[in-house]
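**Q** File follows, my_file25.txt with compact mmCIF, C-alpha atoms:
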```txt
# COMPACT_ATOMS: atom_id res chain seq x y z
CA MET A 4 86.49 85.72 89.04
CA TYR A 5 89.32 86.78 86.74
CA ASP A 6 90.54 85.29 83.50
CA ALA A 7 92.44 82.04 83.75
CA ALA A 8 95.87 83.60 83.24
CA VAL A 9 95.34 86.37 85.82
CA GLN A 10 93.76 84.05 88.36
CA ASN A 11 96.59 81.55 87.89
CA LEU A 12 99.16 84.33 88.58
CA ILE A 13 97.29 85.42 91.73
CA ASP A 14 97.15 81.84 92.98
CA GLU A 15 100.88 81.32 92.43
CA LEU A 16 101.75 84.61 94.16
CA GLY A 17 99.50 83.68 97.08
CA ARG A 18 101.64 80.61 97.76
CA LEU A 19 104.63 82.81 98.64
CA PRO A 20 105.33 83.15 102.39
CA GLY A 21 103.83 86.28 103.89
CA VAL A 22 101.65 87.03 100.87
CA GLY A 23 97.91 86.86 101.39
CA PRO A 24 95.09 86.96 98.81
CA LYS A 25 94.87 90.76 98.82
CA SER A 26 98.64 91.19 98.52
CA ALA A 27 98.78 88.61 95.71
CA GLN A 28 96.05 90.48 93.85
CA ARG A 29 97.89 93.82 94.16
CA ILE A 30 101.18 92.26 92.99
CA ALA A 31 99.42 90.62 90.03
CA PHE A 32 97.87 93.89 88.87
CA HIS A 33 101.22 95.63 89.37
CA ILE A 34 102.79 93.10 87.01
CA LEU A 35 100.02 93.66 84.45
CA ASN A 36 100.42 97.44 84.56
CA SER A 37 104.24 97.42 84.39
CA ASP A 38 106.38 97.55 81.25
CA SER A 39 107.38 94.28 79.67
CA SER A 40 111.09 95.16 80.01
CA GLU A 41 110.78 95.55 83.80
CA MET A 42 108.98 92.25 84.14
CA GLN A 43 111.57 90.63 81.90
CA LYS A 44 114.28 91.69 84.35
CA LEU A 45 112.32 90.07 87.17
CA THR A 46 111.94 86.87 85.14
CA ASN A 47 115.66 86.75 84.33
CA ALA A 48 116.59 87.30 88.00
CA ILE A 49 114.40 84.40 89.07
CA ASN A 50 115.84 82.11 86.41
CA THR A 51 119.41 83.08 87.31
CA VAL A 52 118.87 82.36 90.98
CA LYS A 53 117.38 78.96 90.25
CA ASN A 54 120.13 78.02 87.78
CA THR A 55 123.30 79.33 89.50
CA VAL A 56 122.67 79.54 93.25
CA SER A 57 122.89 76.36 95.32
CA PHE A 58 123.83 75.39 98.85
CA CYS A 59 127.33 75.15 100.33
CA GLN A 60 128.57 71.58 100.58
CA VAL A 61 130.16 72.26 103.98
CA CYS A 62 127.74 74.42 105.98
CA GLY A 63 124.58 74.45 103.86
CA ASN A 64 124.53 78.22 103.33
CA ILE A 65 123.50 79.63 99.95
CA SER A 66 126.41 80.02 97.55
CA GLU A 67 127.14 80.20 93.84
CA THR A 68 130.13 77.87 94.28
CA ASP A 69 130.73 74.57 96.06
CA GLN A 70 131.80 76.43 99.22
CA CYS A 71 130.43 79.73 100.48
CA ALA A 72 132.58 82.78 101.21
CA ILE A 73 132.57 82.11 104.97
CA CYS A 74 133.85 78.55 104.61
CA ARG A 75 136.58 79.71 102.21
CA ASP A 76 137.73 82.48 104.57
CA GLU A 77 140.84 81.28 106.43
CA ARG A 78 140.57 84.12 108.91
CA ARG A 79 137.47 82.64 110.51
CA THR A 80 137.88 80.84 113.85
CA PRO A 81 137.62 77.07 113.29
CA THR A 82 137.05 76.24 116.98
CA THR A 83 133.50 77.65 117.20
CA LEU A 84 130.49 76.47 115.21
CA CYS A 85 127.17 78.32 115.19
CA VAL A 86 124.13 76.23 114.23
CA VAL A 87 121.20 78.18 112.70
CA GLU A 88 117.91 77.22 111.07
CA GLU A 89 117.97 79.17 107.80
CA SER A 90 120.49 81.00 105.64
CA LYS A 91 118.87 84.32 106.52
CA ASP A 92 119.93 83.77 110.12
CA VAL A 93 123.56 83.78 108.99
CA VAL A 94 123.08 87.27 107.55
CA SER A 95 121.48 88.47 110.80
CA ILE A 96 124.37 87.22 112.95
CA GLU A 97 126.99 88.53 110.54
CA ARG A 98 125.39 91.97 110.74
CA THR A 99 126.31 92.15 114.44
CA ARG A 100 130.05 91.72 113.66
CA SER A 101 130.44 89.91 117.00
CA PHE A 102 130.87 86.32 115.79
CA HIS A 103 134.03 85.25 113.94
CA GLY A 104 133.54 81.49 113.79
CA ARG A 105 131.87 79.25 111.23
CA TYR A 106 128.23 78.28 110.62
CA HIS A 107 126.08 75.25 109.99
CA VAL A 108 122.61 75.68 108.45
CA LEU A 109 120.07 72.98 109.33
CA GLY A 110 117.56 73.97 106.68
CA GLY A 111 114.65 74.42 109.10
CA ALA A 112 113.43 73.39 112.54
CA ILE A 113 111.68 70.31 113.87
CA ASN A 114 107.95 70.77 113.29
CA PRO A 115 105.91 67.56 113.39
CA LEU A 116 102.70 69.42 112.52
CA ALA A 117 104.25 70.58 109.24
CA GLY A 118 105.78 67.17 108.59
CA LEU A 119 109.37 68.30 109.20
CA THR A 120 111.26 65.62 111.14
CA PRO A 121 114.92 65.48 112.31
CA GLU A 122 115.72 63.13 109.39
CA GLN A 123 114.89 65.92 106.94
CA LEU A 124 117.33 68.38 108.53
CA ARG A 125 121.10 68.53 108.05
CA ILE A 126 121.82 66.96 111.45
CA ARG A 127 123.90 64.10 110.09
CA GLU A 128 126.17 66.59 108.33
CA LEU A 129 126.58 68.41 111.66
CA ILE A 130 127.66 65.23 113.45
CA ALA A 131 130.08 64.49 110.62
CA ARG A 132 131.67 67.92 110.97
CA LEU A 133 132.52 67.13 114.61
CA ALA A 134 135.21 64.77 113.30
CA ASP A 135 137.30 67.94 113.08
CA GLU A 136 139.04 68.01 116.45
CA ARG A 137 139.53 71.77 116.24
CA ILE A 138 135.85 72.35 117.05
CA GLU A 139 135.54 73.09 120.77
CA GLU A 140 132.15 74.79 121.09
CA ILE A 141 128.80 74.59 119.33
CA ILE A 142 126.39 77.51 119.66
CA LEU A 143 122.72 76.65 119.16
CA ALA A 144 121.15 79.77 117.60
CA MET A 145 117.58 78.60 117.13
CA ASP A 146 114.55 80.91 117.13
CA PRO A 147 112.99 81.38 120.61
CA ASN A 148 109.73 79.62 119.73
CA LEU A 149 108.25 76.17 120.17
CA GLU A 150 109.95 74.69 117.08
CA GLY A 151 113.31 76.28 117.95
CA GLU A 152 113.20 75.01 121.52
CA ALA A 153 112.39 71.49 120.33
CA THR A 154 115.27 71.57 117.85
CA ALA A 155 117.74 72.92 120.44
CA THR A 156 116.71 70.26 122.96
CA TYR A 157 117.08 67.48 120.40
CA LEU A 158 120.54 68.69 119.33
CA SER A 159 121.76 69.16 122.91
CA ARG A 160 120.90 65.53 123.73
CA LEU A 161 122.93 64.41 120.73
CA LEU A 162 125.94 66.68 121.25
CA VAL A 163 126.49 66.59 125.01
CA PRO A 164 127.63 62.90 125.09
CA LEU A 165 130.24 63.73 122.44
CA GLY A 166 132.22 65.82 124.92
CA VAL A 167 131.96 69.11 123.02
CA ARG A 168 130.91 72.34 124.72
CA VAL A 169 127.30 73.23 123.87
CA SER A 170 125.82 76.70 124.48
CA ARG A 171 122.54 78.41 123.70
CA LEU A 172 121.81 82.00 122.74
CA ALA A 173 120.50 84.01 125.68
CA SER A 174 116.92 85.21 125.60
CA GLY A 175 115.14 87.85 127.63
CA LEU A 176 114.19 91.50 127.52
CA PRO A 177 114.92 93.37 124.28
CA VAL A 178 116.78 96.67 124.26
CA GLY A 179 114.29 99.51 124.51
CA GLY A 180 111.50 97.29 125.87
CA ASP A 181 109.39 97.82 128.98
CA LEU A 182 108.95 95.37 131.84
CA GLU A 183 105.20 95.92 132.04
CA TYR A 184 104.72 94.66 128.47
CA ALA A 185 106.95 91.57 128.82
CA ASP A 186 105.34 88.18 129.33
CA GLU A 187 106.18 85.76 132.14
CA ILE A 188 108.40 83.51 130.02
CA THR A 189 110.48 86.43 128.76
CA LEU A 190 110.99 87.80 132.28
CA GLY A 191 111.90 84.34 133.55
CA ARG A 192 114.52 83.91 130.83
CA ALA A 193 115.91 87.36 131.58
CA LEU A 194 116.33 86.48 135.26
CA GLU A 195 117.97 83.14 134.49
CA GLY A 196 120.40 84.70 132.00
CA ARG A 197 121.31 87.76 134.08
CA ARG A 198 124.90 88.98 134.04
CA ILE A 199 127.02 89.54 137.15
CA ILE A 200 128.41 93.08 137.36
CA ALA A 201 130.32 92.68 140.66
CA GLU A 202 130.66 89.70 142.99
CA GLY A 203 131.03 91.83 146.12
CA ASN A 204 133.10 91.11 149.22
CA ARG A 205 130.54 91.17 152.02
CA HIS A 206 131.02 88.56 154.74
CA SER A 207 128.46 85.78 154.70
CA THR A 208 127.98 83.31 157.54
CA GLU A 209 128.12 79.77 156.24
CA ASN A 210 126.78 78.08 159.40
CA HIS A 211 124.21 80.24 161.19
CA ALA A 212 123.58 77.64 163.92
CA GLU A 213 127.26 77.58 164.85
CA ALA A 214 127.42 81.38 164.92
CA PHE A 215 124.38 81.51 167.23
CA THR A 216 125.90 78.93 169.59
CA GLN A 217 129.15 80.89 169.77
CA ALA A 218 127.28 84.12 170.57
CA VAL A 219 125.37 82.40 173.41
CA ALA A 220 128.62 81.00 174.86
CA GLU A 221 130.26 84.45 174.82
CA ASP A 222 127.25 85.95 176.59
CA GLN A 223 127.34 83.29 179.34
CA GLU A 224 131.09 83.82 179.84
CA ARG A 225 130.54 87.59 180.10
CA GLN A 226 127.84 87.08 182.75
CA ALA A 227 130.10 84.74 184.71
CA GLN A 228 132.86 87.37 184.81
CA ASN A 229 130.39 90.18 185.59
CA THR A 230 131.52 92.00 182.50
CA PRO A 231 128.98 94.49 181.11
CA ALA A 232 127.80 93.83 177.62
CA PRO A 233 129.27 96.16 174.98
CA GLN A 234 126.92 99.02 174.24
CA PRO A 235 126.39 100.12 170.67
CA ARG A 236 127.69 103.50 169.70
CA GLN A 237 125.04 106.14 170.21
CA ARG A 238 124.48 108.43 167.27
CA TRP A 239 124.00 112.14 167.84
CA SER A 240 120.65 113.67 167.10
CA GLY A 241 119.54 117.26 166.98
CA SER A 242 117.72 116.90 170.31
CA MET A 243 120.88 116.11 172.31
CA PHE A 244 121.18 119.52 173.94
CA GLU A 245 117.44 119.69 174.52
CA GLU A 246 117.72 116.48 176.58
CA LEU A 247 120.66 117.94 178.49
CA SER A 248 118.69 121.06 179.30
CA GLU A 249 115.81 118.96 180.61
CA GLU A 250 118.12 116.88 182.81
CA HIS A 251 119.90 119.95 184.22
CA GLU A 252 117.16 122.46 184.78
CA ASP A 253 118.99 123.88 187.79
CA ALA A 254 122.07 124.71 185.74
CA PRO A 255 122.79 128.44 185.33
CA GLN A 256 121.29 129.79 182.16
CA GLN A 257 123.23 131.76 179.64
CA GLY A 258 123.19 135.55 179.97
CA THR A 259 125.34 138.63 179.72
CA LEU A 260 128.53 139.20 181.66
CA ASN A 261 128.33 141.46 184.74
CA GLU A 262 130.49 144.15 183.16
CA PRO A 263 130.01 146.88 185.84
CA LEU A 264 131.20 144.51 188.57
CA LEU A 265 134.18 143.46 186.46
CA GLU A 266 135.23 147.08 185.85
CA GLU A 267 134.93 147.84 189.55
CA LEU A 268 137.17 144.92 190.44
CA ASP A 269 139.75 145.90 187.85
CA ALA A 270 139.88 149.46 189.22
CA GLU A 271 140.54 148.38 192.81
CA THR A 272 143.99 147.42 193.99
CA ILE A 273 144.80 145.46 197.09
CA THR A 274 147.96 146.44 198.95
CA GLU A 275 149.61 143.98 201.28
CA PRO A 276 149.95 145.35 204.86
CA GLU A 277 153.50 146.21 205.93
CA GLY A 278 155.09 144.81 209.02
CA ASN A 279 154.96 148.15 210.93
CA SER A 280 151.36 148.95 209.99
CA ARG A 281 148.81 149.67 212.59
CA PRO A 282 146.19 147.02 213.57
CA GLU A 283 143.37 149.28 212.43
CA GLU A 284 144.89 149.43 208.90
CA GLN A 285 145.36 145.65 208.83
CA ASP A 286 141.73 145.12 209.80
CA GLY A 287 140.59 147.49 207.05
CA SER A 288 142.75 145.73 204.45
CA SER A 289 141.46 142.32 205.54
CA SER A 290 137.82 143.41 205.25
CA GLN A 291 138.54 144.98 201.87
CA GLN A 292 140.14 141.73 200.61
CA GLN A 293 137.18 139.70 201.90
CA SER A 294 134.75 141.97 200.07
CA TYR A 295 136.84 141.63 196.92
CA GLN A 296 136.74 137.82 197.12
CA GLU A 297 132.97 137.83 197.62
CA ARG A 298 132.40 139.97 194.55
CA LEU A 299 134.84 137.84 192.58
CA GLU A 300 132.87 134.71 193.45
CA GLU A 301 129.71 136.46 192.35
CA LEU A 302 131.37 137.27 189.03
CA LYS A 303 132.38 133.64 188.52
CA LYS A 304 128.75 132.58 188.80
CA THR A 305 127.86 134.74 185.84
CA PRO A 306 127.95 132.61 182.67
CA LEU A 307 130.26 133.56 179.84
CA ARG A 308 128.87 135.16 176.71
CA THR A 309 129.54 132.22 174.33
CA PRO A 310 127.22 131.11 171.52
CA THR A 311 125.52 127.72 171.72
CA PRO A 312 127.42 125.38 169.37
CA GLN A 313 125.45 123.92 166.48
CA ILE A 314 127.64 120.77 166.29
CA PRO A 315 127.94 118.64 169.44
CA PRO A 316 131.17 117.00 170.62
CA ILE A 317 132.26 113.58 169.45
CA PRO A 318 129.31 111.17 169.86
CA GLY A 319 129.69 108.82 172.78
CA ARG A 320 127.77 107.29 175.61
CA THR A 321 128.37 110.11 178.14
CA TYR A 322 127.89 113.76 177.32
CA VAL A 323 129.26 116.73 179.25
CA ASN A 324 127.41 120.01 179.50
CA PRO A 325 130.06 122.77 179.49
CA TRP A 326 127.57 125.40 180.77
CA GLN A 327 126.92 123.80 184.13
```
Please lay out the structure from this file as structure tokens.

**A**
Amino acid sequence: MYDAAVQNLIDELGRLPGVGPKSAQRIAFHILNSDSSEMQKLTNAINTVKNTVSFCQVCGNISETDQCAICRDERRTPTTLCVVEESKDVVSIERTRSFHGRYHVLGGAINPLAGLTPEQLRIRELIARLADERIEEIILAMDPNLEGEATATYLSRLLVPLGVRVSRLASGLPVGGDLEYADEITLGRALEGRRIIAEGNRHSTENHAEAFTQAVAEDQERQAQNTPAPQPRQRWSGSMFEELSEEHEDAPQQGTLNEPLLEELDAETITEPEGNSRPEEQDGSSSQQQSYQERLEELKKTPLRTPTPQIPPIPGRTYVNPWQ
């Protein structure tokens, strides 16, 4: 379609990962329309990378020297080793600033369809690094896909018999994600890798059959001794006083105090008869006292003017109606 030189450039750009035919065509025309000095800078950068940058002899990370900056750093923890697939994964983990150990780059993942076998990865170098007795834990930081799972499984079978602690990065729900959009595998991994916030201290019965047998024995012993079973504590409800009023319909209802009768009783005075009083006076005083007692009893039957309480007494099994 295009001239040989342009078509050759488009074909070479199309071989780059993530670059399709349309993207390769746009990049090619961008190169043609750019200044020669700008494209010369791009050419020099590519040549410099290919001539000076190599891989670390210890971990396999990209470096311009025999050892990368992480392997040369004495402040890194030598007891923990994080195994990743590519050098770009090292940059991603370092960006979190949560890991302070060392790395080992495999150079890919097991992918039989692409022709990538375990012999082509830096697995032998990883086993050789375990000769350092300071290494206590190996973290498998593979991608959560089919190739990453196969690589992690293969490495775990090799490393577990060596007696070193092997761990795997947790997988599950991402921050800011929604449960309704998560697939079944992601939700399953999130449940398996959940974190415990508090253990709790609730009592748990270890042997339910034994607890049931003990409860039956206590009930039989209580029946043998004619002991009533313990009643649960009754909670108060708003209808407590309504039930009391239904049970005691004959109880005197609340009303106003008989104030005229009370004032009349307060105004009267009863004088005790003297020893030399006449019988007629004694009979009059006795009848007056009897009338006073009758009116006093009538006053006692009149209920007091007290408001109905909104809060009942302490909840219990037996309630007392104070207005009876």

**Q** Identify which of the residues A:Ala193, A:Leu165, A:Leu124, A:Leu16 lies closest to Val178 in chain A, counting all atoms listed in the file when measuring atom-to-atom distances.

**A**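 Of the candidates, the smallest distance to Val178 in chain A is held by A:Ala193.
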
**Q** Need to verify the contact set: Thr80 in chain A, 10 Å, only C-alpha atoms, exclusion of same-chain residues closer than 5 positions in sequence. Can you return it as a PDB file with C-alpha atoms, keeping the file's coordinate frame?

**A**
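Wrote it out as around.pdb, contents follow:
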```
ATOM      1  CA  PHE A 102     130.870  86.320 115.790  1.00  0.00           C
ATOM      2  CA  HIS A 103     134.030  85.250 113.940  1.00  0.00           C
ATOM      3  CA  GLY A 104     133.540  81.490 113.790  1.00  0.00           C
ATOM      4  CA  ARG A 105     131.870  79.250 111.230  1.00  0.00           C
ATOM      5  CA  ARG A 137     139.530  71.770 116.240  1.00  0.00           C
ATOM      6  CA  ILE A 138     135.850  72.350 117.050  1.00  0.00           C
TER       7      ILE A 138
END
```

**Q** Could you state the separation of CA of Val94 in chain A and CA of Leu176 in chain A in Å, given to one decimal place?

**A**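 That distance, rounded to one decimal, is 22.3 Å.
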
**Q** Quick one: distance from CA of Ile142 in chain A to CA of Arg168 in chain A in Å, one decimal?

**A**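 Interatomic distance, CA of Ile142 in chain A to CA of Arg168 in chain A: 8.5 Å.
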
**Q** What does the structure give for the distance between CA of Asp146 in chain A and CA of Gly111 in chain A, in Å to one decimal?

**A**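 Distance between the two atoms: 10.3 Å.
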